[in-house]
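As provided, my_file_24.pdb (PDB, C-alpha atoms and all ligand atoms) reads as follows.
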```pdb
ATOM      1  CA  MET A   1      37.021  69.385   2.809
ATOM      2  CA  LEU A   2      36.184  70.351   6.354
ATOM      3  CA  ALA A   3      39.121  71.385   8.545
ATOM      4  CA  ALA A   4      39.783  68.789  11.218
ATOM      5  CA  THR A   5      38.829  69.963  14.701
ATOM      6  CA  SER A   6      42.046  70.923  16.503
ATOM      7  CA  PHE A   7      43.101  69.395  19.794
ATOM      8  CA  LEU A   8      42.548  72.784  21.431
ATOM      9  CA  ASP A   9      38.964  72.965  20.102
ATOM     10  CA  ARG A  10      38.275  69.467  21.396
ATOM     11  CA  LEU A  11      39.570  70.518  24.838
ATOM     12  CA  PHE A  12      37.251  73.563  24.756
ATOM     13  CA  ASP A  13      34.301  71.449  23.596
ATOM     14  CA  ALA A  14      34.918  68.985  26.443
ATOM     15  CA  GLY A  15      35.176  71.835  28.963
ATOM     16  CA  ILE A  16      38.687  70.766  29.966
ATOM     17  CA  LEU A  17      40.181  74.130  29.025
ATOM     18  CA  MET A  18      38.078  77.290  28.942
ATOM     19  CA  GLU A  19      38.693  80.251  26.633
ATOM     20  CA  THR A  20      39.526  83.679  27.984
ATOM     21  CA  GLY A  21      39.674  85.491  24.646
ATOM     22  CA  VAL A  22      43.477  85.414  24.684
ATOM     23  CA  GLU A  23      45.392  82.681  22.866
ATOM     24  CA  GLY A  24      47.469  80.637  25.272
ATOM     25  CA  LEU A  25      45.639  81.868  28.388
ATOM     26  CA  TYR A  26      43.068  79.359  29.594
ATOM     27  CA  ALA A  27      41.056  78.376  32.631
ATOM     28  CA  ARG A  28      41.362  74.724  33.617
ATOM     29  CA  SER A  29      38.623  72.309  34.696
ATOM     30  CA  GLY A  30      38.621  70.157  37.825
ATOM     31  CA  ALA A  31      39.410  67.128  35.670
ATOM     32  CA  PHE A  32      42.467  68.860  34.203
ATOM     33  CA  GLU A  33      43.654  69.800  37.680
ATOM     34  CA  ARG A  34      43.198  66.208  38.878
ATOM     35  CA  VAL A  35      45.565  65.143  36.119
ATOM     36  CA  VAL A  36      48.075  67.852  37.058
ATOM     37  CA  ASP A  37      47.865  66.788  40.731
ATOM     38  CA  GLY A  38      48.461  63.165  39.749
ATOM     39  CA  ILE A  39      51.467  64.111  37.614
ATOM     40  CA  ASP A  40      52.835  66.178  40.494
ATOM     41  CA  ARG A  41      52.512  63.141  42.764
ATOM     42  CA  VAL A  42      54.310  60.860  40.305
ATOM     43  CA  ILE A  43      57.168  63.371  39.980
ATOM     44  CA  SER A  44      57.457  63.453  43.780
ATOM     45  CA  ARG A  45      57.494  59.671  43.918
ATOM     46  CA  PHE A  46      60.530  59.651  41.618
ATOM     47  CA  GLY A  47      62.304  62.525  43.373
ATOM     48  CA  ASP A  48      61.315  62.366  47.045
ATOM     49  CA  ALA A  49      64.066  60.001  48.175
ATOM     50  CA  ASP A  50      66.690  62.575  47.173
ATOM     51  CA  GLY A  51      65.560  64.833  50.015
ATOM     52  CA  ALA A  52      65.159  68.078  48.091
ATOM     53  CA  GLU A  53      64.179  71.257  49.902
ATOM     54  CA  VAL A  54      60.721  72.376  48.800
ATOM     55  CA  VAL A  55      60.279  75.990  47.641
ATOM     56  CA  ARG A  56      57.107  77.324  45.992
ATOM     57  CA  PHE A  57      57.129  80.639  44.120
ATOM     58  CA  PRO A  58      54.472  83.195  43.240
ATOM     59  CA  PRO A  59      54.206  83.837  39.472
ATOM     60  CA  GLY A  60      56.215  87.069  39.700
ATOM     61  CA  MET A  61      59.865  87.657  40.539
ATOM     62  CA  ASN A  62      62.115  90.543  41.510
ATOM     63  CA  ARG A  63      62.615  92.544  38.299
ATOM     64  CA  MET A  64      66.246  93.247  39.170
ATOM     65  CA  VAL A  65      66.923  89.520  39.420
ATOM     66  CA  PHE A  66      65.111  89.071  36.092
ATOM     67  CA  GLU A  67      67.301  91.781  34.515
ATOM     68  CA  LYS A  68      70.525  90.421  35.947
ATOM     69  CA  THR A  69      69.641  86.951  34.648
ATOM     70  CA  GLY A  70      69.814  88.436  31.145
ATOM     71  CA  TYR A  71      66.273  87.655  30.068
ATOM     72  CA  MET A  72      65.813  90.910  28.122
ATOM     73  CA  LYS A  73      69.076  90.214  26.324
ATOM     74  CA  ASN A  74      68.308  86.637  25.366
ATOM     75  CA  PHE A  75      64.502  86.381  25.119
ATOM     76  CA  PRO A  76      63.078  89.938  24.868
ATOM     77  CA  ASN A  77      60.143  88.692  22.783
ATOM     78  CA  LEU A  78      58.975  86.282  25.490
ATOM     79  CA  ALA A  79      59.269  88.577  28.495
ATOM     80  CA  GLY A  80      56.390  89.981  30.507
ATOM     81  CA  THR A  81      56.828  92.784  33.023
ATOM     82  CA  VAL A  82      54.332  94.168  35.513
ATOM     83  CA  HIS A  83      53.479  97.863  35.169
ATOM     84  CA  CYS A  84      51.558  99.884  37.734
ATOM     85  CA  PHE A  85      50.023 103.301  38.155
ATOM     86  CA  CYS A  86      51.893 105.404  40.690
ATOM     87  CA  GLY A  87      50.506 108.818  39.749
ATOM     88  CA  ASP A  88      48.159 111.378  41.257
ATOM     89  CA  ASP A  89      44.612 112.561  40.567
ATOM     90  CA  SER A  90      45.515 114.226  37.295
ATOM     91  CA  GLY A  91      47.237 111.062  36.086
ATOM     92  CA  HIS A  92      44.158 109.084  37.086
ATOM     93  CA  ALA A  93      41.944 111.486  35.147
ATOM     94  CA  GLU A  94      44.178 110.979  32.114
ATOM     95  CA  ILE A  95      43.730 107.197  32.335
ATOM     96  CA  ILE A  96      39.962 107.465  32.611
ATOM     97  CA  ALA A  97      39.788 109.885  29.690
ATOM     98  CA  ALA A  98      41.975 107.623  27.546
ATOM     99  CA  LEU A  99      39.861 104.564  28.423
ATOM    100  CA  GLU A 100      36.661 106.387  27.575
ATOM    101  CA  ALA A 101      38.094 107.571  24.257
ATOM    102  CA  GLY A 102      39.411 104.084  23.492
ATOM    103  CA  ASP A 103      42.947 105.524  23.418
ATOM    104  CA  ASP A 104      46.191 104.114  24.793
ATOM    105  CA  TRP A 105      45.961 104.466  28.604
ATOM    106  CA  SER A 106      49.441 103.015  29.275
ATOM    107  CA  ARG A 107      51.282 106.362  29.376
ATOM    108  CA  GLN A 108      50.538 106.565  33.082
ATOM    109  CA  GLN A 109      51.825 103.032  33.722
ATOM    110  CA  ALA A 110      55.360 102.626  35.055
ATOM    111  CA  LEU A 111      57.592  99.574  35.257
ATOM    112  CA  SER A 112      57.102  97.999  38.694
ATOM    113  CA  GLU A 113      59.607  96.053  40.777
ATOM    114  CA  ILE A 114      58.064  92.751  39.582
ATOM    115  CA  ALA A 115      58.517  90.779  36.357
ATOM    116  CA  LEU A 116      56.536  87.676  35.427
ATOM    117  CA  THR A 117      58.685  84.618  36.075
ATOM    118  CA  PRO A 118      59.779  83.080  32.767
ATOM    119  CA  ALA A 119      61.466  79.954  34.213
ATOM    120  CA  ALA A 120      60.840  78.516  37.660
ATOM    121  CA  CYS A 121      64.473  78.393  38.748
ATOM    122  CA  TYR A 122      65.478  82.021  38.026
ATOM    123  CA  PRO A 123      64.311  83.392  41.409
ATOM    124  CA  LEU A 124      66.004  80.540  43.281
ATOM    125  CA  TYR A 125      69.679  81.352  42.666
ATOM    126  CA  PRO A 126      69.930  84.600  44.668
ATOM    127  CA  ILE A 127      68.026  82.937  47.523
ATOM    128  CA  ALA A 128      70.516  80.058  47.552
ATOM    129  CA  ALA A 129      73.480  82.440  47.238
ATOM    130  CA  ARG A 130      72.417  84.363  50.349
ATOM    131  CA  ARG A 131      72.805  81.206  52.430
ATOM    132  CA  GLY A 132      76.576  81.228  51.939
ATOM    133  CA  SER A 133      78.787  78.433  50.600
ATOM    134  CA  LEU A 134      77.176  75.155  49.650
ATOM    135  CA  PRO A 135      77.645  72.140  51.937
ATOM    136  CA  ALA A 136      80.098  69.494  50.660
ATOM    137  CA  ASP A 137      77.315  67.529  48.958
ATOM    138  CA  GLY A 138      75.830  70.653  47.391
ATOM    139  CA  ARG A 139      72.154  71.581  47.510
ATOM    140  CA  LEU A 140      68.995  70.231  45.930
ATOM    141  CA  PHE A 141      65.693  72.105  45.586
ATOM    142  CA  ASP A 142      62.189  71.040  44.561
ATOM    143  CA  ILE A 143      60.480  74.109  43.096
ATOM    144  CA  LEU A 144      57.277  75.085  41.313
ATOM    145  CA  SER A 145      56.170  78.306  39.700
ATOM    146  CA  TYR A 146      53.651  79.565  37.228
ATOM    147  CA  CYS A 147      55.726  80.836  34.290
ATOM    148  CA  PHE A 148      54.941  83.422  31.625
ATOM    149  CA  ARG A 149      56.176  83.476  28.040
ATOM    150  CA  HIS A 150      54.593  85.808  25.526
ATOM    151  CA  GLU A 151      54.018  83.505  22.598
ATOM    152  CA  PRO A 152      50.317  83.484  21.687
ATOM    153  CA  SER A 153      49.402  80.322  19.804
ATOM    154  CA  ARG A 154      46.460  78.133  18.811
ATOM    155  CA  GLU A 155      48.392  75.060  19.922
ATOM    156  CA  ALA A 156      47.139  73.788  23.273
ATOM    157  CA  THR A 157      50.722  72.914  24.188
ATOM    158  CA  ARG A 158      51.990  76.479  23.796
ATOM    159  CA  GLN A 159      50.463  78.486  26.604
ATOM    160  CA  GLN A 160      51.462  81.907  27.815
ATOM    161  CA  MET A 161      51.001  80.981  31.466
ATOM    162  CA  PHE A 162      51.847  77.478  32.617
ATOM    163  CA  ARG A 163      53.274  75.643  35.628
ATOM    164  CA  MET A 164      56.811  74.416  35.712
ATOM    165  CA  ARG A 165      57.972  72.035  38.424
ATOM    166  CA  GLU A 166      61.736  71.656  38.702
ATOM    167  CA  TYR A 167      64.460  69.979  40.660
ATOM    168  CA  VAL A 168      67.529  72.208  40.834
ATOM    169  CA  ARG A 169      70.981  70.949  41.828
ATOM    170  CA  MET A 170      73.896  73.141  42.890
ATOM    171  CA  GLY A 171      77.378  71.786  43.514
ATOM    172  CA  THR A 172      80.513  70.654  41.721
ATOM    173  CA  PRO A 173      80.468  69.932  37.968
ATOM    174  CA  ASP A 174      80.476  66.179  38.724
ATOM    175  CA  GLN A 175      77.595  66.430  41.173
ATOM    176  CA  VAL A 176      75.324  68.434  38.915
ATOM    177  CA  GLN A 177      76.098  66.444  35.759
ATOM    178  CA  ALA A 178      75.392  63.175  37.589
ATOM    179  CA  PHE A 179      72.091  64.691  38.762
ATOM    180  CA  ARG A 180      71.096  65.615  35.226
ATOM    181  CA  GLN A 181      71.959  62.165  33.868
ATOM    182  CA  MET A 182      70.006  60.510  36.695
ATOM    183  CA  TRP A 183      66.905  62.510  35.739
ATOM    184  CA  ILE A 184      67.301  61.752  32.035
ATOM    185  CA  ASP A 185      67.278  58.060  32.989
ATOM    186  CA  ARG A 186      64.336  58.478  35.372
ATOM    187  CA  ALA A 187      62.348  60.431  32.792
ATOM    188  CA  GLY A 188      62.186  57.406  30.498
ATOM    189  CA  ALA A 189      60.666  55.346  33.313
ATOM    190  CA  MET A 190      58.324  58.182  34.267
ATOM    191  CA  VAL A 191      56.937  58.479  30.743
ATOM    192  CA  GLY A 192      56.185  54.730  30.933
ATOM    193  CA  VAL A 193      54.300  55.238  34.213
ATOM    194  CA  PHE A 194      52.198  57.877  32.457
ATOM    195  CA  GLY A 195      51.419  55.304  29.744
ATOM    196  CA  LEU A 196      53.147  57.470  27.143
ATOM    197  CA  GLU A 197      56.023  57.089  24.731
ATOM    198  CA  GLY A 198      58.717  59.697  24.393
ATOM    199  CA  ALA A 199      62.334  60.205  23.419
ATOM    200  CA  VAL A 200      65.089  62.390  24.805
ATOM    201  CA  ASP A 201      66.812  64.624  22.273
ATOM    202  CA  LEU A 202      69.400  67.387  22.216
ATOM    203  CA  ALA A 203      67.784  70.847  22.293
ATOM    204  CA  ASN A 204      68.417  74.570  22.602
ATOM    205  CA  ASP A 205      66.642  77.554  24.089
ATOM    206  CA  PRO A 206      64.966  80.001  21.673
ATOM    207  CA  PHE A 207      67.599  82.762  21.946
ATOM    208  CA  PHE A 208      66.386  85.864  20.110
ATOM    209  CA  GLY A 209      67.612  87.304  16.849
ATOM    210  CA  ARG A 210      70.825  87.048  14.906
ATOM    211  CA  ALA A 211      73.056  87.024  17.979
ATOM    212  CA  GLY A 212      70.876  84.242  19.331
ATOM    213  CA  ARG A 213      71.823  81.916  16.495
ATOM    214  CA  MET A 214      75.352  81.581  17.838
ATOM    215  CA  LEU A 215      74.095  80.997  21.372
ATOM    216  CA  LYS A 216      71.780  78.235  20.137
ATOM    217  CA  ASN A 217      74.673  76.561  18.307
ATOM    218  CA  ASN A 218      76.966  76.804  21.328
ATOM    219  CA  GLN A 219      74.313  75.342  23.588
ATOM    220  CA  ARG A 220      73.906  72.378  21.267
ATOM    221  CA  GLN A 221      77.622  71.866  20.705
ATOM    222  CA  GLN A 222      78.185  71.740  24.448
ATOM    223  CA  THR A 223      75.126  69.460  24.949
ATOM    224  CA  LEU A 224      73.771  71.766  27.650
ATOM    225  CA  LYS A 225      70.065  71.077  27.024
ATOM    226  CA  PHE A 226      68.075  67.921  26.424
ATOM    227  CA  GLU A 227      64.328  67.561  26.174
ATOM    228  CA  MET A 228      61.852  64.732  26.586
ATOM    229  CA  LEU A 229      59.753  64.872  23.434
ATOM    230  CA  ILE A 230      56.281  63.340  23.516
ATOM    231  CA  PRO A 231      53.770  63.381  20.641
ATOM    232  CA  VAL A 232      50.857  65.666  21.609
ATOM    233  CA  GLU A 233      49.842  67.922  18.716
ATOM    234  CA  SER A 234      51.450  65.609  16.161
ATOM    235  CA  VAL A 235      53.768  62.635  15.824
ATOM    236  CA  GLU A 236      56.040  64.469  13.364
ATOM    237  CA  LYS A 237      56.612  67.380  15.737
ATOM    238  CA  PRO A 238      56.565  65.970  19.266
ATOM    239  CA  THR A 239      56.324  68.400  22.190
ATOM    240  CA  ALA A 240      59.031  69.138  24.764
ATOM    241  CA  CYS A 241      57.374  68.093  28.032
ATOM    242  CA  MET A 242      60.488  67.986  30.243
ATOM    243  CA  SER A 243      63.905  69.589  29.936
ATOM    244  CA  PHE A 244      67.294  68.690  31.394
ATOM    245  CA  ASN A 245      69.584  71.678  31.618
ATOM    246  CA  TYR A 246      73.233  72.052  32.577
ATOM    247  CA  HIS A 247      74.058  75.726  33.159
ATOM    248  CA  GLN A 248      77.757  75.150  33.858
ATOM    249  CA  ASP A 249      78.890  78.033  36.118
ATOM    250  CA  HIS A 250      76.471  80.582  34.564
ATOM    251  CA  PHE A 251      74.265  81.106  37.636
ATOM    252  CA  GLY A 252      77.089  80.322  40.068
ATOM    253  CA  THR A 253      79.157  83.182  38.629
ATOM    254  CA  LEU A 254      76.184  85.550  38.292
ATOM    255  CA  TRP A 255      75.111  85.136  41.924
ATOM    256  CA  ASN A 256      78.464  84.147  43.421
ATOM    257  CA  ILE A 257      77.318  80.737  44.618
ATOM    258  CA  ARG A 258      80.396  79.008  46.104
ATOM    259  CA  THR A 259      81.082  75.323  46.707
ATOM    260  CA  ALA A 260      82.360  74.021  50.056
ATOM    261  CA  THR A 261      85.927  74.274  48.658
ATOM    262  CA  ASP A 262      85.273  77.872  47.572
ATOM    263  CA  GLU A 263      84.982  77.265  43.860
ATOM    264  CA  THR A 264      82.217  78.728  41.717
ATOM    265  CA  ALA A 265      79.259  76.374  41.915
ATOM    266  CA  HIS A 266      77.829  74.681  38.851
ATOM    267  CA  THR A 267      74.076  74.201  38.511
ATOM    268  CA  ALA A 268      71.639  72.008  36.619
ATOM    269  CA  CYS A 269      67.865  71.712  36.572
ATOM    270  CA  VAL A 270      65.221  69.328  35.350
ATOM    271  CA  GLY A 271      61.937  71.016  34.398
ATOM    272  CA  PHE A 272      58.512  69.392  34.056
ATOM    273  CA  GLY A 273      55.898  71.239  32.020
ATOM    274  CA  MET A 274      52.793  70.365  34.036
ATOM    275  CA  GLU A 275      50.267  71.488  31.421
ATOM    276  CA  ARG A 276      52.143  69.798  28.609
ATOM    277  CA  LEU A 277      52.376  66.489  30.475
ATOM    278  CA  ALA A 278      48.649  66.681  31.316
ATOM    279  CA  LEU A 279      47.845  67.458  27.672
ATOM    280  CA  ALA A 280      50.025  64.570  26.489
ATOM    281  CA  MET A 281      48.037  62.220  28.728
ATOM    282  CA  LEU A 282      44.686  63.646  27.598
ATOM    283  CA  ARG A 283      45.720  63.305  23.976
ATOM    284  CA  HIS A 284      46.951  59.761  24.396
ATOM    285  CA  HIS A 285      44.391  58.293  26.838
ATOM    286  CA  GLY A 286      41.346  60.336  25.847
ATOM    287  CA  LEU A 287      39.439  63.287  27.246
ATOM    288  CA  GLU A 288      37.417  61.117  29.662
ATOM    289  CA  ILE A 289      39.827  60.480  32.493
ATOM    290  CA  GLU A 290      37.490  57.882  34.057
ATOM    291  CA  GLY A 291      38.196  55.722  31.017
ATOM    292  CA  TRP A 292      41.992  55.830  31.303
ATOM    293  CA  PRO A 293      43.879  52.533  31.696
ATOM    294  CA  ALA A 294      43.762  51.235  35.277
ATOM    295  CA  PRO A 295      47.570  51.214  35.776
ATOM    296  CA  VAL A 296      47.767  54.876  34.725
ATOM    297  CA  ARG A 297      44.904  55.861  37.055
ATOM    298  CA  GLU A 298      46.505  53.871  39.850
ATOM    299  CA  ALA A 299      49.839  55.652  39.321
ATOM    300  CA  LEU A 300      48.246  59.097  39.342
ATOM    301  CA  TRP A 301      45.605  58.780  42.031
ATOM    302  CA  GLY A 302      46.191  55.544  43.945
ATOM    303  CA  ALA A 303      43.229  53.142  43.939
ATOM    304  CA  ALA A 304      41.718  53.118  40.432
TER     305      ALA A 304
HETATM  306  P1  LIG B 401      62.288  75.332  29.094
HETATM  307  O1  LIG B 401      62.785  76.244  30.173
HETATM  308  O2  LIG B 401      63.124  74.126  28.882
HETATM  309  O3  LIG B 401      61.938  76.056  27.820
HETATM  310  O4  LIG B 401      60.858  74.836  29.621
HETATM  311  C1  LIG B 401      60.746  73.835  30.578
HETATM  312  C2  LIG B 401      59.470  73.097  30.341
HETATM  313  O5  LIG B 401      58.355  73.994  30.466
HETATM  314  C3  LIG B 401      59.345  72.560  28.922
HETATM  315  O6  LIG B 401      59.992  71.317  28.771
HETATM  316  C4  LIG B 401      57.871  72.451  28.771
HETATM  317  O7  LIG B 401      57.380  71.241  29.293
HETATM  318  C5  LIG B 401      57.333  73.606  29.562
HETATM  319  N1  LIG B 401      57.027  74.693  28.631
HETATM  320  C6  LIG B 401      57.890  75.472  27.952
HETATM  321  N2  LIG B 401      57.239  76.341  27.163
HETATM  322  C7  LIG B 401      55.924  76.107  27.340
HETATM  323  C8  LIG B 401      54.737  76.677  26.786
HETATM  324  O8  LIG B 401      54.749  77.579  25.959
HETATM  325  N3  LIG B 401      53.562  76.173  27.217
HETATM  326  C9  LIG B 401      53.481  75.196  28.131
HETATM  327  N4  LIG B 401      52.273  74.740  28.507
HETATM  328  N5  LIG B 401      54.584  74.618  28.651
HETATM  329  C10 LIG B 401      55.791  75.062  28.270
HETATM  330 ZN    ZN B 402      65.552  75.685  35.608
END
```

Now that the file is in, can you turn its structure into structure tokens?
Ligand code: 5GP
Ligand code: ZN
Amino acid sequence: MLAATSFLDRLFDAGILMETGVEGLYARSGAFERVVDGIDRVISRFGDADGAEVVRFPPGMNRMVFEKTGYMKNFPNLAGTVHCFCGDDSGHAEIIAALEAGDDWSRQQALSEIALTPAACYPLYPIAARRGSLPADGRLFDILSYCFRHEPSREATRQQMFRMREYVRMGTPDQVQAFRQMWIDRAGAMVGVFGLEGAVDLANDPFFGRAGRMLKNNQRQQTLKFEMLIPVESVEKPTACMSFNYHQDHFGTLWNIRTATDETAHTACVGFGMERLALAMLRHHGLEIEGWPAPVREALWGAA
């Protein structure tokens, strides 16, 4: 029996994603970007009235912030750090010789001050902390970053570099929990606007190793993470396309973010996986976006 063509192969064949030779690292077509733009617009339509402050990040973050956030402790297998050459002529000669011999040329590379951002909100907390105590009604940010996670895969929905849009709330426990619940409710409506079906379920982050098992259990027991699961690769194993995270006082303590009454701030974020949402729509409505249902086109791009 012939193996069924995978979703990823169909995306390549249609020119929607383009191979780079690395699994999970793809170029995107204009059509794909139109879908991402439309999704971005729908997210804004749901969130705009809340008056969030817009912040856009480059795909790299301060390595010291990355370290302090504990990424190497919790997800060492997913991390990506930027290394650079800071040597002299003899170091340069060593690199060239190693390249020509097909040897390892990385001995001359040193850890730089930049790490690839693994989650869009990590670089935000120290920026917010520097502004001093939160106002009485807390703060709300609308952020976007390319994110990196080293998990090569042949599944279109697991990419090493992908965009994550988030809303991030900082304030009292009540304020941030109400924010998270509001977005869980909105997400159901949003999935309907996209012409998709999904379900919210309890989730955990992929904490590494044996010590990680306990962290995963704690996160679930305390219902700190929920995900919006939408069938993309399969119905049996739907894909997490949005996440709803309550960090308690984790980032507030780490960065000393204070509420107006000088308590440690609590934080929560809702994350939208832009590629995954676009892929969910392509899977469900077909690879020809001109043929998508009129209400979906209208929602994404205005006049159909
Ligand atoms: P989280 O921080 O909850 O793991 O990720 C937030 C969102 O980013 C997820 O709900 C998902 O939509 C998206 N995301 C996470 N991992 C990947 C990935 O490997 N590839 C892609 N394309 N999106 C991802
Ligand atoms: Zn976040």

Within 10 Å of ligand LIG 401 (chain B), counting only C-alpha atoms and all ligand atoms, residues as a PyMOL selection string: chain A and resi 24-25+78+118-121+146-153+155-166+203-206+225-230+239-245+269-279

Could you write out the selected residues, including C-alpha atoms, as a PDB file, keeping the file's coordinate frame?
```pdb
ATOM      1  CA  GLY A  24      47.469  80.637  25.272  1.00  0.00           C
ATOM      2  CA  LEU A  25      45.639  81.868  28.388  1.00  0.00           C
ATOM      3  CA  LEU A  78      58.975  86.282  25.490  1.00  0.00           C
ATOM      4  CA  PRO A 118      59.779  83.080  32.767  1.00  0.00           C
ATOM      5  CA  ALA A 119      61.466  79.954  34.213  1.00  0.00           C
ATOM      6  CA  ALA A 120      60.840  78.516  37.660  1.00  0.00           C
ATOM      7  CA  CYS A 121      64.473  78.393  38.748  1.00  0.00           C
ATOM      8  CA  TYR A 146      53.651  79.565  37.228  1.00  0.00           C
ATOM      9  CA  CYS A 147      55.726  80.836  34.290  1.00  0.00           C
ATOM     10  CA  PHE A 148      54.941  83.422  31.625  1.00  0.00           C
ATOM     11  CA  ARG A 149      56.176  83.476  28.040  1.00  0.00           C
ATOM     12  CA  HIS A 150      54.593  85.808  25.526  1.00  0.00           C
ATOM     13  CA  GLU A 151      54.018  83.505  22.598  1.00  0.00           C
ATOM     14  CA  PRO A 152      50.317  83.484  21.687  1.00  0.00           C
ATOM     15  CA  SER A 153      49.402  80.322  19.804  1.00  0.00           C
ATOM     16  CA  GLU A 155      48.392  75.060  19.922  1.00  0.00           C
ATOM     17  CA  ALA A 156      47.139  73.788  23.273  1.00  0.00           C
ATOM     18  CA  THR A 157      50.722  72.914  24.188  1.00  0.00           C
ATOM     19  CA  ARG A 158      51.990  76.479  23.796  1.00  0.00           C
ATOM     20  CA  GLN A 159      50.463  78.486  26.604  1.00  0.00           C
ATOM     21  CA  GLN A 160      51.462  81.907  27.815  1.00  0.00           C
ATOM     22  CA  MET A 161      51.001  80.981  31.466  1.00  0.00           C
ATOM     23  CA  PHE A 162      51.847  77.478  32.617  1.00  0.00           C
ATOM     24  CA  ARG A 163      53.274  75.643  35.628  1.00  0.00           C
ATOM     25  CA  MET A 164      56.811  74.416  35.712  1.00  0.00           C
ATOM     26  CA  ARG A 165      57.972  72.035  38.424  1.00  0.00           C
ATOM     27  CA  GLU A 166      61.736  71.656  38.702  1.00  0.00           C
ATOM     28  CA  ALA A 203      67.784  70.847  22.293  1.00  0.00           C
ATOM     29  CA  ASN A 204      68.417  74.570  22.602  1.00  0.00           C
ATOM     30  CA  ASP A 205      66.642  77.554  24.089  1.00  0.00           C
ATOM     31  CA  PRO A 206      64.966  80.001  21.673  1.00  0.00           C
ATOM     32  CA  LYS A 225      70.065  71.077  27.024  1.00  0.00           C
ATOM     33  CA  PHE A 226      68.075  67.921  26.424  1.00  0.00           C
ATOM     34  CA  GLU A 227      64.328  67.561  26.174  1.00  0.00           C
ATOM     35  CA  MET A 228      61.852  64.732  26.586  1.00  0.00           C
ATOM     36  CA  LEU A 229      59.753  64.872  23.434  1.00  0.00           C
ATOM     37  CA  ILE A 230      56.281  63.340  23.516  1.00  0.00           C
ATOM     38  CA  THR A 239      56.324  68.400  22.190  1.00  0.00           C
ATOM     39  CA  ALA A 240      59.031  69.138  24.764  1.00  0.00           C
ATOM     40  CA  CYS A 241      57.374  68.093  28.032  1.00  0.00           C
ATOM     41  CA  MET A 242      60.488  67.986  30.243  1.00  0.00           C
ATOM     42  CA  SER A 243      63.905  69.589  29.936  1.00  0.00           C
ATOM     43  CA  PHE A 244      67.294  68.690  31.394  1.00  0.00           C
ATOM     44  CA  ASN A 245      69.584  71.678  31.618  1.00  0.00           C
ATOM     45  CA  CYS A 269      67.865  71.712  36.572  1.00  0.00           C
ATOM     46  CA  VAL A 270      65.221  69.328  35.350  1.00  0.00           C
ATOM     47  CA  GLY A 271      61.937  71.016  34.398  1.00  0.00           C
ATOM     48  CA  PHE A 272      58.512  69.392  34.056  1.00  0.00           C
ATOM     49  CA  GLY A 273      55.898  71.239  32.020  1.00  0.00           C
ATOM     50  CA  MET A 274      52.793  70.365  34.036  1.00  0.00           C
ATOM     51  CA  GLU A 275      50.267  71.488  31.421  1.00  0.00           C
ATOM     52  CA  ARG A 276      52.143  69.798  28.609  1.00  0.00           C
ATOM     53  CA  LEU A 277      52.376  66.489  30.475  1.00  0.00           C
ATOM     54  CA  ALA A 278      48.649  66.681  31.316  1.00  0.00           C
ATOM     55  CA  LEU A 279      47.845  67.458  27.672  1.00  0.00           C
TER      56      LEU A 279
END
```

Would you work out the distance separating atom CA of Phe194 of chain A from atom CA of Thr267 of chain A, expressed in Å to one decimal?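 Computed distance, atom CA of Phe194 of chain A to atom CA of Thr267 of chain A, equals 28.0 Å.
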
Identify which of the residues A:Ile16, A:Met61, A:Val168, A:Ala79 lies closest to ligand ZN 402 (chain B), counting all atoms listed in the file when measuring atom-to-atom distances.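 Ranking A:Ile16, A:Met61, A:Val168, A:Ala79 by distance to ligand ZN 402 (chain B), first place goes to A:Val168.
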
If you measure from atom CA of Arg10 of chain A to atom CA of Ser234 of chain A, what distance in Å do you get, rounded to one decimal? 14.7 Å

Pick out the residues sitting within 12 Å of Arg186 of chain A, and hand them over as a VMD selection string; count all atoms listed in the file, and ignore anything fewer than 4 positions along from it in its own chain. chain A and resid 42 to 47 179 to 182 190 to 193 200 228 242 244 270

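Nearest to ligand ZN 402 (chain B) of all the residues A:His285, A:Arg169, A:Arg130, A:Arg220 is A:Arg169, based on only C-alpha atoms and all ligand atoms.
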
For segment 285-290 of chain A, which lacks atoms in the input, supply N, CA, C and O atoms and format the output as a short mmCIF file (atom, residue, chain, number, x, y, z; two decimals), keeping the file's coordinate frame.
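Saved to part09.cif:
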```cif
data_model
loop_
_atom_site.label_atom_id
_atom_site.label_comp_id
_atom_site.auth_asym_id
_atom_site.auth_seq_id
_atom_site.Cartn_x
_atom_site.Cartn_y
_atom_site.Cartn_z
N HIS A 285 45.34 59.20 26.16
CA HIS A 285 44.39 58.29 26.84
C HIS A 285 42.94 58.72 26.66
O HIS A 285 42.04 58.02 27.10
N GLY A 286 42.71 59.88 26.09
CA GLY A 286 41.35 60.34 25.85
C GLY A 286 40.92 61.41 26.83
O GLY A 286 41.52 61.58 27.89
N LEU A 287 39.87 62.13 26.45
CA LEU A 287 39.44 63.29 27.25
C LEU A 287 38.58 62.89 28.45
O LEU A 287 38.30 63.72 29.31
N GLU A 288 38.18 61.61 28.51
CA GLU A 288 37.42 61.12 29.66
C GLU A 288 38.38 60.42 30.61
O GLU A 288 38.75 59.27 30.37
N ILE A 289 38.76 61.08 31.68
CA ILE A 289 39.83 60.48 32.49
C ILE A 289 39.34 59.23 33.23
O ILE A 289 40.15 58.37 33.59
N GLU A 290 38.02 59.10 33.41
CA GLU A 290 37.49 57.88 34.06
C GLU A 290 37.78 56.64 33.21
O GLU A 290 37.83 55.54 33.74
#
```
